[in-house]
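Student: One structure follows; several queries about it will come next.
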Amino acid sequence: MWCNRVVKLKKEDKMAKIILSHKLVPKHIILSEEEKREVIEKYAGGDPYKLPYILASDPVVKAIGAKPGDVIKIIRKSPTAGETVYYRLVIEG
């Protein structure tokens with residue numbers, strides 16, 4: 001049984017690599033507790049639930065290992081704006 005678990009983890013790691021390296025998937029970063037507090041204060045007036053949500057079941061969220069309550073910084077490349085930054089609160093789902 002332990003052997004099957006190791007194989008499963010390796011398959012998940014491979015899938016995570018595939019997901020994160022796809023050209024249409026923007027960069028996702030889990031914020032530290034300090035960065036999280038600053039973002040929530042600046043963009044949500046101190047209430048994390050005022051941030052847009054992303055589900056914990058999202059493939060990228062799973063791939064980076066984010067948990068409900070984490071805040072993710074998403075950096076998207078744009079031909080007109082260069083880079084745009086978005087923040088999402090990870091919720092159950």
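Following the order of the structure tokens, first chain is A, next is B, and so on, with residues numbered from 1 inside each chain and ligands from 1 in the order they appear.
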Would you please extract all strand (DSSP E) residues from chain A, as assigned by DSSP on the backbone, and give them as a list in words?

Tutor: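 So, restricting chain A to strand (DSSP E), we get Lys27, His28, Ile29, Ile30, Tyr53, Ile54, Leu55, Val71, Ile72, Lys73, Ile74, Ile75, Arg76, Lys77, Ser78, Gly82, Glu83, Thr84, Val85, Tyr86, Tyr87, Arg88, Leu89, Val90 and Ile91 of chain A.
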
Student: Which residues are near Ile91 of chain A? Cut-off 10 Å, only C-alpha atoms, ignore same chain within fewer than 6 positions. Put them as a VMD selection string.

Tutor: chain A and resid 49 52 to 57 66 to 71

Student: Quick check for you: according to DSSP on this backbone, which residues of segment 8-89 of chain A are classed as helix (DSSP H, G or I)? Reply as a PyMOL selection string.

Tutor: chain A and resi 8-21+33-44+48-50+59-64

Student: Emit the selected residues as a PDB file, in the first residue's frame, including C-alpha atoms.

Tutor:
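The result, written out as part_20.pdb:
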```pdb
ATOM      1  CA  LYS A   8       0.391   8.531  -6.692  1.00  0.00           C
ATOM      2  CA  LEU A   9       2.439  11.419  -5.297  1.00  0.00           C
ATOM      3  CA  LYS A  10       4.824  11.251  -8.221  1.00  0.00           C
ATOM      4  CA  LYS A  11       1.892  11.380 -10.674  1.00  0.00           C
ATOM      5  CA  GLU A  12       0.502  14.422  -8.845  1.00  0.00           C
ATOM      6  CA  ASP A  13       3.894  16.138  -8.960  1.00  0.00           C
ATOM      7  CA  LYS A  14       4.138  15.501 -12.686  1.00  0.00           C
ATOM      8  CA  MET A  15       0.629  16.863 -13.247  1.00  0.00           C
ATOM      9  CA  ALA A  16       1.407  19.954 -11.148  1.00  0.00           C
ATOM     10  CA  LYS A  17       4.491  20.608 -13.285  1.00  0.00           C
ATOM     11  CA  ILE A  18       2.424  20.296 -16.459  1.00  0.00           C
ATOM     12  CA  ILE A  19      -0.276  22.647 -15.153  1.00  0.00           C
ATOM     13  CA  LEU A  20       2.145  25.303 -13.901  1.00  0.00           C
ATOM     14  CA  SER A  21       4.277  25.275 -17.041  1.00  0.00           C
ATOM     15  CA  GLU A  33       1.263  36.108   6.500  1.00  0.00           C
ATOM     16  CA  GLU A  34       2.722  39.625   6.521  1.00  0.00           C
ATOM     17  CA  GLU A  35       2.026  40.186   2.807  1.00  0.00           C
ATOM     18  CA  LYS A  36      -1.446  38.724   3.290  1.00  0.00           C
ATOM     19  CA  ARG A  37      -2.254  41.215   6.077  1.00  0.00           C
ATOM     20  CA  GLU A  38      -1.009  44.138   3.970  1.00  0.00           C
ATOM     21  CA  VAL A  39      -3.060  43.112   0.913  1.00  0.00           C
ATOM     22  CA  ILE A  40      -6.216  42.530   2.962  1.00  0.00           C
ATOM     23  CA  GLU A  41      -5.839  45.898   4.657  1.00  0.00           C
ATOM     24  CA  LYS A  42      -5.093  47.765   1.411  1.00  0.00           C
ATOM     25  CA  TYR A  43      -7.596  46.144  -0.962  1.00  0.00           C
ATOM     26  CA  ALA A  44     -10.314  44.722   1.290  1.00  0.00           C
ATOM     27  CA  PRO A  48     -10.446  39.037   3.671  1.00  0.00           C
ATOM     28  CA  TYR A  49     -13.864  37.966   2.389  1.00  0.00           C
ATOM     29  CA  LYS A  50     -14.067  41.170   0.348  1.00  0.00           C
ATOM     30  CA  PRO A  59      -5.991  22.768 -10.329  1.00  0.00           C
ATOM     31  CA  VAL A  60      -3.426  25.565  -9.941  1.00  0.00           C
ATOM     32  CA  VAL A  61      -4.299  26.048  -6.261  1.00  0.00           C
ATOM     33  CA  LYS A  62      -3.757  22.329  -5.712  1.00  0.00           C
ATOM     34  CA  ALA A  63      -0.515  22.403  -7.711  1.00  0.00           C
ATOM     35  CA  ILE A  64       1.031  25.182  -5.604  1.00  0.00           C
TER      36      ILE A  64
END
```

Student: Neighbours of Ile72 of chain A within 6 Å (only C-alpha atoms; same-chain residues fewer than 3 positions away dropped), as a PyMOL selection string?

Tutor: chain A and resi 29-31+87-88

Student: Which residue, A:His22, A:Leu89, A:His28, A:Leu51, has the smallest gap to Ile74 of chain A when you use only C-alpha atoms?

Tutor: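 Residue with the minimum atom-to-atom distance to Ile74 of chain A: A:His28.
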
Student: Go through segment 10-64 of chain A residue by residue and, counting only C-alpha atoms, keep those with an atom at most 12 Å from segment 77-80 of chain A; for each kept residue give the shortest atom pair and its distance in Å to one decimal, ordered by chain and increasing number, as JSON lines.

Tutor:
```
{"residue": "A:Lys23", "atom": "CA", "partner": "A:Lys77", "partner_atom": "CA", "distance": 10.5}
{"residue": "A:Leu24", "atom": "CA", "partner": "A:Lys77", "partner_atom": "CA", "distance": 9.7}
{"residue": "A:Val25", "atom": "CA", "partner": "A:Lys77", "partner_atom": "CA", "distance": 10.0}
{"residue": "A:Pro26", "atom": "CA", "partner": "A:Lys77", "partner_atom": "CA", "distance": 7.3}
{"residue": "A:Lys27", "atom": "CA", "partner": "A:Lys77", "partner_atom": "CA", "distance": 9.0}
```

Student: Once you have the residues from the selection above, write them out as a PDB file, in the first residue's frame, restricted to C-alpha atoms.

Tutor:
```pdb
ATOM      1  CA  LYS A  23       1.708  29.000 -21.435  1.00  0.00           C
ATOM      2  CA  LEU A  24      -1.858  30.111 -20.636  1.00  0.00           C
ATOM      3  CA  VAL A  25      -1.520  29.677 -16.857  1.00  0.00           C
ATOM      4  CA  PRO A  26      -0.343  32.887 -15.173  1.00  0.00           C
ATOM      5  CA  LYS A  27       2.117  32.841 -12.286  1.00  0.00           C
TER       6      LYS A  27
END
```
